[in-house]
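Only one structure is covered here, and it is reproduced in the block below.
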Amino acid sequence: DEGAAGLRQVHADPDVYLIDDFLTPAECDSLVAAARAKGLERSPVAYAGWTADAKELLSLAAGGPAAWYAFPALNSGLSAMGAGDVSAVDVFGAVLGAWASGMAVSCVGVGAWLAWRRRGLSELRTSESTTLYGGAEGGGDDALVERAEALLRASSDRFEAPTVIRYAQNARLAPHFDANRAAGDEDAARGGQTLATLLCYLNDVPPGAGGRTRFGRIGVDVDPQKGQALLFFPAGADGQFDERTEHEGELFDGGTGAEKWVGRIWYHAERVPYPYGLPDR
């Protein structure tokens, strides 16, 4: 809704918006209190696009290492066939078997690389988070959902349930993408591609403490301000992944005991079933 109160565009193509006073201070406090009461755990980091990576690596292996395994069998087979010792069928079987052995070794290597990559990604995020499903005392989570519906002109059945994220001293979130190149394969159970990200800052961060949301590829930095929301689109309306929306949560250095709190809603291409999404209302 381009006519929403407090909405202002801070970047075009890709579009990035800020919405002042999206939540009231009391609603922000309600979200923080509800998250504390429920309890927070280390924020998960999904390896988005692992199926695409696996397919690409296995495709390279099929024409590289696996083929190298097959070349000796082909050479010796052709020599033996020329001498009349084996048939073409025998040579084909030997070559296919050698290629299959090479692919098996490659699969082990690809699996090890994917596991290493997954472990590396888990170290990119040092925050804690929890998911809220409505009914928090003070109504903060319900207010966030209702205003997101009005802003996006969309039904909440395409939202992931609101996530409240806490960044303690020295916590950060390294550059990443919210959309997924392989959303059709990997995110089908949670509504498909992520089309929009709505972040609402739930407390003020002291000047010089870091914690900004930074879009490094487009030169946009956002300082957290209590009640203000940030809206951007990790993929186009057609689901096309937009790498320009890569962003990060800068290192938070507010001092001992300081915290940064954020509420987040992801808007997906399709209905998001519970427990990824909200219970039917």
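Each chain in the structure tokens gets a letter, A, B, ..., in the order shown, and its residues are numbered from 1; ligands are numbered from 1 in order too.
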**Message:** When you look at stretch 244-255 of chain A with a cut-off of 8 Å (counting only C-alpha atoms), what residues show up, excluding the ones that are within fewer than 6 positions of it in the same chain? I need them as number ranges by chain.
**Reply:** A: 14, 167-178, 205-206, 208-218, 232-234
So which residues touch A:Glu160 within 12 Å, counting only C-alpha atoms, skipping near sequence neighbours fewer than 6 positions away, as a VMD selection string?
chain A and resid 131 to 133 145 148 187 189 to 198 263 to 279
Residues as selected, N, CA and C atoms, written as an mmCIF file, in the first residue's frame, can you do that?
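Once everything was written out, this is again39.cif:
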```
data_model
loop_
_atom_site.group_PDB
_atom_site.id
_atom_site.type_symbol
_atom_site.label_atom_id
_atom_site.label_comp_id
_atom_site.auth_asym_id
_atom_site.auth_seq_id
_atom_site.Cartn_x
_atom_site.Cartn_y
_atom_site.Cartn_z
ATOM 1 N N THR A 131 9.332 -18.091 17.722
ATOM 2 C CA THR A 131 8.172 -17.828 16.858
ATOM 3 C C THR A 131 6.932 -17.633 17.710
ATOM 4 N N LEU A 132 6.114 -16.647 17.360
ATOM 5 C CA LEU A 132 4.887 -16.353 18.086
ATOM 6 C C LEU A 132 3.682 -16.627 17.194
ATOM 7 N N TYR A 133 2.615 -17.136 17.811
ATOM 8 C CA TYR A 133 1.446 -17.551 17.034
ATOM 9 C C TYR A 133 0.168 -16.795 17.403
ATOM 10 N N VAL A 145 0.959 -8.643 12.659
ATOM 11 C CA VAL A 145 0.337 -9.381 11.556
ATOM 12 C C VAL A 145 -0.711 -8.519 10.856
ATOM 13 N N ALA A 148 0.875 -5.810 8.821
ATOM 14 C CA ALA A 148 1.537 -6.384 7.647
ATOM 15 C C ALA A 148 0.504 -6.723 6.567
ATOM 16 N N ASP A 187 11.408 -25.190 -0.589
ATOM 17 C CA ASP A 187 10.482 -24.442 0.266
ATOM 18 C C ASP A 187 9.017 -24.701 -0.065
ATOM 19 N N ALA A 189 6.991 -26.821 1.118
ATOM 20 C CA ALA A 189 6.186 -27.094 2.304
ATOM 21 C C ALA A 189 5.940 -25.856 3.151
ATOM 22 N N ARG A 190 6.630 -24.766 2.839
ATOM 23 C CA ARG A 190 6.469 -23.553 3.656
ATOM 24 C C ARG A 190 6.070 -22.353 2.801
ATOM 25 N N GLY A 191 5.359 -22.603 1.709
ATOM 26 C CA GLY A 191 4.792 -21.508 0.932
ATOM 27 C C GLY A 191 5.583 -21.081 -0.280
ATOM 28 N N GLY A 192 6.672 -21.816 -0.606
ATOM 29 C CA GLY A 192 7.439 -21.464 -1.797
ATOM 30 C C GLY A 192 8.328 -20.252 -1.565
ATOM 31 N N GLN A 193 8.556 -19.526 -2.630
ATOM 32 C CA GLN A 193 9.515 -18.421 -2.612
ATOM 33 C C GLN A 193 9.116 -17.334 -1.606
ATOM 34 N N THR A 194 10.126 -16.716 -0.988
ATOM 35 C CA THR A 194 9.913 -15.549 -0.130
ATOM 36 C C THR A 194 9.865 -14.310 -1.012
ATOM 37 N N LEU A 195 8.708 -13.663 -1.045
ATOM 38 C CA LEU A 195 8.526 -12.504 -1.913
ATOM 39 C C LEU A 195 8.787 -11.180 -1.203
ATOM 40 N N ALA A 196 8.554 -11.129 0.099
ATOM 41 C CA ALA A 196 8.746 -9.881 0.840
ATOM 42 C C ALA A 196 9.234 -10.188 2.247
ATOM 43 N N THR A 197 10.086 -9.313 2.747
ATOM 44 C CA THR A 197 10.556 -9.371 4.128
ATOM 45 C C THR A 197 10.133 -8.088 4.824
ATOM 46 N N LEU A 198 9.487 -8.232 5.982
ATOM 47 C CA LEU A 198 9.101 -7.090 6.809
ATOM 48 C C LEU A 198 9.790 -7.238 8.161
ATOM 49 N N GLY A 263 11.383 -7.861 15.136
ATOM 50 C CA GLY A 263 10.279 -8.750 14.759
ATOM 51 C C GLY A 263 10.271 -8.901 13.244
ATOM 52 N N ARG A 264 10.035 -10.117 12.773
ATOM 53 C CA ARG A 264 10.112 -10.370 11.324
ATOM 54 C C ARG A 264 8.921 -11.178 10.836
ATOM 55 N N ILE A 265 8.446 -10.797 9.642
ATOM 56 C CA ILE A 265 7.444 -11.590 8.919
ATOM 57 C C ILE A 265 7.958 -11.795 7.503
ATOM 58 N N TRP A 266 7.902 -13.033 7.031
ATOM 59 C CA TRP A 266 8.195 -13.355 5.638
ATOM 60 C C TRP A 266 6.883 -13.626 4.908
ATOM 61 N N TYR A 267 6.729 -13.002 3.754
ATOM 62 C CA TYR A 267 5.547 -13.173 2.898
ATOM 63 C C TYR A 267 5.924 -14.076 1.734
ATOM 64 N N HIS A 268 5.171 -15.165 1.562
ATOM 65 C CA HIS A 268 5.513 -16.183 0.566
ATOM 66 C C HIS A 268 4.563 -16.171 -0.638
ATOM 67 N N ALA A 269 4.970 -16.901 -1.653
ATOM 68 C CA ALA A 269 4.200 -16.955 -2.902
ATOM 69 C C ALA A 269 2.906 -17.733 -2.746
ATOM 70 N N GLU A 270 2.889 -18.695 -1.825
ATOM 71 C CA GLU A 270 1.713 -19.550 -1.627
ATOM 72 C C GLU A 270 1.333 -19.575 -0.146
ATOM 73 N N ARG A 271 0.252 -20.265 0.157
ATOM 74 C CA ARG A 271 -0.189 -20.415 1.539
ATOM 75 C C ARG A 271 0.896 -21.107 2.357
ATOM 76 N N VAL A 272 1.115 -20.616 3.571
ATOM 77 C CA VAL A 272 2.121 -21.186 4.473
ATOM 78 C C VAL A 272 1.399 -21.981 5.565
ATOM 79 N N PRO A 273 1.499 -23.292 5.556
ATOM 80 C CA PRO A 273 0.773 -24.096 6.544
ATOM 81 C C PRO A 273 1.417 -24.014 7.928
ATOM 82 N N TYR A 274 0.620 -24.238 8.950
ATOM 83 C CA TYR A 274 1.122 -24.351 10.326
ATOM 84 C C TYR A 274 2.002 -25.605 10.410
ATOM 85 N N PRO A 275 3.116 -25.618 11.129
ATOM 86 C CA PRO A 275 3.578 -24.606 12.076
ATOM 87 C C PRO A 275 4.495 -23.539 11.481
ATOM 88 N N TYR A 276 4.799 -23.615 10.180
ATOM 89 C CA TYR A 276 5.592 -22.529 9.587
ATOM 90 C C TYR A 276 4.785 -21.234 9.601
ATOM 91 N N GLY A 277 3.504 -21.365 9.287
ATOM 92 C CA GLY A 277 2.616 -20.213 9.284
ATOM 93 C C GLY A 277 1.760 -20.164 10.520
ATOM 94 N N LEU A 278 0.805 -19.255 10.500
ATOM 95 C CA LEU A 278 -0.094 -19.075 11.626
ATOM 96 C C LEU A 278 -1.206 -20.116 11.622
ATOM 97 N N PRO A 279 -1.762 -20.461 12.792
ATOM 98 C CA PRO A 279 -2.939 -21.330 12.819
ATOM 99 C C PRO A 279 -4.091 -20.656 12.076
#
```
#### Entry: Selected residue of minimal separation from A:Asp15 among A:Glu128, A:Asp185, A:Asp223, A:Glu2, counting only C-alpha atoms
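The shortest atom-to-atom distance to A:Asp15 comes from A:Glu2.
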Check: Can you tell me, as a list of chain:residue names, what residues are no more than 12 Å from A:Ala26 when counting only C-alpha atoms, ignoring any on the same chain fewer than 2 positions away?
Finding: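 With the cut-off at 12 Å, the set is A:Asp21, A:Phe22, A:Leu23, A:Thr24, A:Cys28, A:Asp29, A:Ser30, A:Leu31, A:Val32, A:Ala33, A:Glu137, A:Gly138, A:Gly139, A:Gly140, A:Asp141, A:Ala143, A:Leu202, A:Asn203, A:Lys226, A:Gly227.
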Can you write just those residues out, N, CA, C and O atoms, as a PDB file, in the first residue's frame?
```
ATOM      1  N   ASP A  21       6.796   4.508  12.845  1.00  0.00           N
ATOM      2  CA  ASP A  21       5.716   4.239  13.810  1.00  0.00           C
ATOM      3  C   ASP A  21       4.810   3.103  13.351  1.00  0.00           C
ATOM      4  O   ASP A  21       3.586   3.165  13.508  1.00  0.00           O
ATOM      5  N   PHE A  22       5.418   2.077  12.800  1.00  0.00           N
ATOM      6  CA  PHE A  22       4.632   0.924  12.340  1.00  0.00           C
ATOM      7  C   PHE A  22       3.994   0.207  13.525  1.00  0.00           C
ATOM      8  O   PHE A  22       2.845  -0.248  13.445  1.00  0.00           O
ATOM      9  N   LEU A  23       4.730   0.095  14.628  1.00  0.00           N
ATOM     10  CA  LEU A  23       4.194  -0.409  15.890  1.00  0.00           C
ATOM     11  C   LEU A  23       4.366   0.646  16.964  1.00  0.00           C
ATOM     12  O   LEU A  23       5.305   1.446  16.924  1.00  0.00           O
ATOM     13  N   THR A  24       3.478   0.649  17.945  1.00  0.00           N
ATOM     14  CA  THR A  24       3.610   1.560  19.068  1.00  0.00           C
ATOM     15  C   THR A  24       4.682   1.033  20.029  1.00  0.00           C
ATOM     16  O   THR A  24       5.016  -0.166  20.009  1.00  0.00           O
ATOM     17  N   CYS A  28       5.699  -2.937  20.726  1.00  0.00           N
ATOM     18  CA  CYS A  28       7.077  -3.442  20.654  1.00  0.00           C
ATOM     19  C   CYS A  28       7.442  -4.152  21.951  1.00  0.00           C
ATOM     20  O   CYS A  28       8.002  -5.267  21.936  1.00  0.00           O
ATOM     21  N   ASP A  29       7.131  -3.526  23.076  1.00  0.00           N
ATOM     22  CA  ASP A  29       7.426  -4.128  24.373  1.00  0.00           C
ATOM     23  C   ASP A  29       6.676  -5.436  24.547  1.00  0.00           C
ATOM     24  O   ASP A  29       7.200  -6.386  25.160  1.00  0.00           O
ATOM     25  N   SER A  30       5.454  -5.501  24.030  1.00  0.00           N
ATOM     26  CA  SER A  30       4.664  -6.731  24.115  1.00  0.00           C
ATOM     27  C   SER A  30       5.351  -7.877  23.390  1.00  0.00           C
ATOM     28  O   SER A  30       5.404  -9.010  23.894  1.00  0.00           O
ATOM     29  N   LEU A  31       5.890  -7.612  22.206  1.00  0.00           N
ATOM     30  CA  LEU A  31       6.586  -8.653  21.440  1.00  0.00           C
ATOM     31  C   LEU A  31       7.837  -9.139  22.171  1.00  0.00           C
ATOM     32  O   LEU A  31       8.105 -10.345  22.244  1.00  0.00           O
ATOM     33  N   VAL A  32       8.596  -8.213  22.734  1.00  0.00           N
ATOM     34  CA  VAL A  32       9.801  -8.590  23.460  1.00  0.00           C
ATOM     35  C   VAL A  32       9.442  -9.422  24.685  1.00  0.00           C
ATOM     36  O   VAL A  32      10.061 -10.467  24.961  1.00  0.00           O
ATOM     37  N   ALA A  33       8.422  -8.993  25.424  1.00  0.00           N
ATOM     38  CA  ALA A  33       8.020  -9.717  26.624  1.00  0.00           C
ATOM     39  C   ALA A  33       7.515 -11.117  26.285  1.00  0.00           C
ATOM     40  O   ALA A  33       7.825 -12.088  26.992  1.00  0.00           O
ATOM     41  N   GLU A 137       0.217 -11.156  25.407  1.00  0.00           N
ATOM     42  CA  GLU A 137      -0.293 -10.104  26.269  1.00  0.00           C
ATOM     43  C   GLU A 137       0.151  -8.755  25.724  1.00  0.00           C
ATOM     44  O   GLU A 137       1.327  -8.541  25.434  1.00  0.00           O
ATOM     45  N   GLY A 138      -0.767  -7.856  25.551  1.00  0.00           N
ATOM     46  CA  GLY A 138      -0.460  -6.557  24.960  1.00  0.00           C
ATOM     47  C   GLY A 138      -0.701  -6.497  23.463  1.00  0.00           C
ATOM     48  O   GLY A 138      -0.701  -5.424  22.874  1.00  0.00           O
ATOM     49  N   GLY A 139      -0.898  -7.667  22.831  1.00  0.00           N
ATOM     50  CA  GLY A 139      -1.313  -7.723  21.435  1.00  0.00           C
ATOM     51  C   GLY A 139      -0.262  -7.363  20.413  1.00  0.00           C
ATOM     52  O   GLY A 139      -0.589  -7.095  19.247  1.00  0.00           O
ATOM     53  N   GLY A 140       1.015  -7.400  20.786  1.00  0.00           N
ATOM     54  CA  GLY A 140       2.051  -6.990  19.844  1.00  0.00           C
ATOM     55  C   GLY A 140       2.133  -7.868  18.618  1.00  0.00           C
ATOM     56  O   GLY A 140       2.282  -7.359  17.497  1.00  0.00           O
ATOM     57  N   ASP A 141       2.037  -9.193  18.788  1.00  0.00           N
ATOM     58  CA  ASP A 141       2.157 -10.080  17.627  1.00  0.00           C
ATOM     59  C   ASP A 141       0.952  -9.964  16.706  1.00  0.00           C
ATOM     60  O   ASP A 141       1.089  -9.971  15.482  1.00  0.00           O
ATOM     61  N   ALA A 143      -0.883  -7.267  16.349  1.00  0.00           N
ATOM     62  CA  ALA A 143      -0.766  -5.973  15.685  1.00  0.00           C
ATOM     63  C   ALA A 143       0.216  -6.051  14.525  1.00  0.00           C
ATOM     64  O   ALA A 143      -0.037  -5.476  13.448  1.00  0.00           O
ATOM     65  N   LEU A 202      12.319  -3.366  17.475  1.00  0.00           N
ATOM     66  CA  LEU A 202      11.532  -3.359  18.706  1.00  0.00           C
ATOM     67  C   LEU A 202      12.172  -2.570  19.838  1.00  0.00           C
ATOM     68  O   LEU A 202      11.581  -2.443  20.918  1.00  0.00           O
ATOM     69  N   ASN A 203      13.367  -2.059  19.607  1.00  0.00           N
ATOM     70  CA  ASN A 203      13.988  -1.166  20.595  1.00  0.00           C
ATOM     71  C   ASN A 203      14.983  -0.251  19.883  1.00  0.00           C
ATOM     72  O   ASN A 203      15.386  -0.519  18.748  1.00  0.00           O
ATOM     73  N   LYS A 226      13.057   2.139  17.364  1.00  0.00           N
ATOM     74  CA  LYS A 226      11.924   1.435  17.950  1.00  0.00           C
ATOM     75  C   LYS A 226      10.625   1.790  17.247  1.00  0.00           C
ATOM     76  O   LYS A 226      10.281   2.960  17.088  1.00  0.00           O
ATOM     77  N   GLY A 227       9.916   0.749  16.805  1.00  0.00           N
ATOM     78  CA  GLY A 227       8.623   0.931  16.150  1.00  0.00           C
ATOM     79  C   GLY A 227       8.694   1.102  14.651  1.00  0.00           C
ATOM     80  O   GLY A 227       7.670   1.019  13.961  1.00  0.00           O
TER      81      GLY A 227
END
```
Among stretch 28-266 of chain A, which residues does DSSP mark as strand (DSSP E) when it is run on the backbone? Keep the chain and numbering as in the structure and answer as an MDAnalysis selection string. chainID A and resid 41:42 128:131 163:167 173:176 194:201 213:215 220:222 229:232 247:249 260:266
Got a sec to tell me which of stretch 83-184 of chain A DSSP assigns to alpha helix (DSSP H), as a ChimeraX atom specification? /A:88-122,140-152,183-184
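Across the structure, atom CA of A:Val10 and atom CA of A:Leu151 are spaced 16.4 Å apart.
With only C-alpha atoms as the atoms that count, the residue of A:Ala98, A:Leu7, A:Ile19, A:Ala88 with the shortest distance to A:Leu230 is A:Ile19.
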Problem set entry | Selected residue of minimal separation from A:Ile165 among A:Trp99, A:Trp261, A:Tyr201, A:Phe241, counting only C-alpha atoms |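 Among the listed residues, A:Trp261 lies closest to A:Ile165.
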| task | Counting only C-alpha atoms, figure out which residue out of A:Arg153, A:Asp20, A:Glu186, A:Asp204 gets nearest to A:Arg8. | result |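 So, comparing all the options, the nearest one is A:Asp20.
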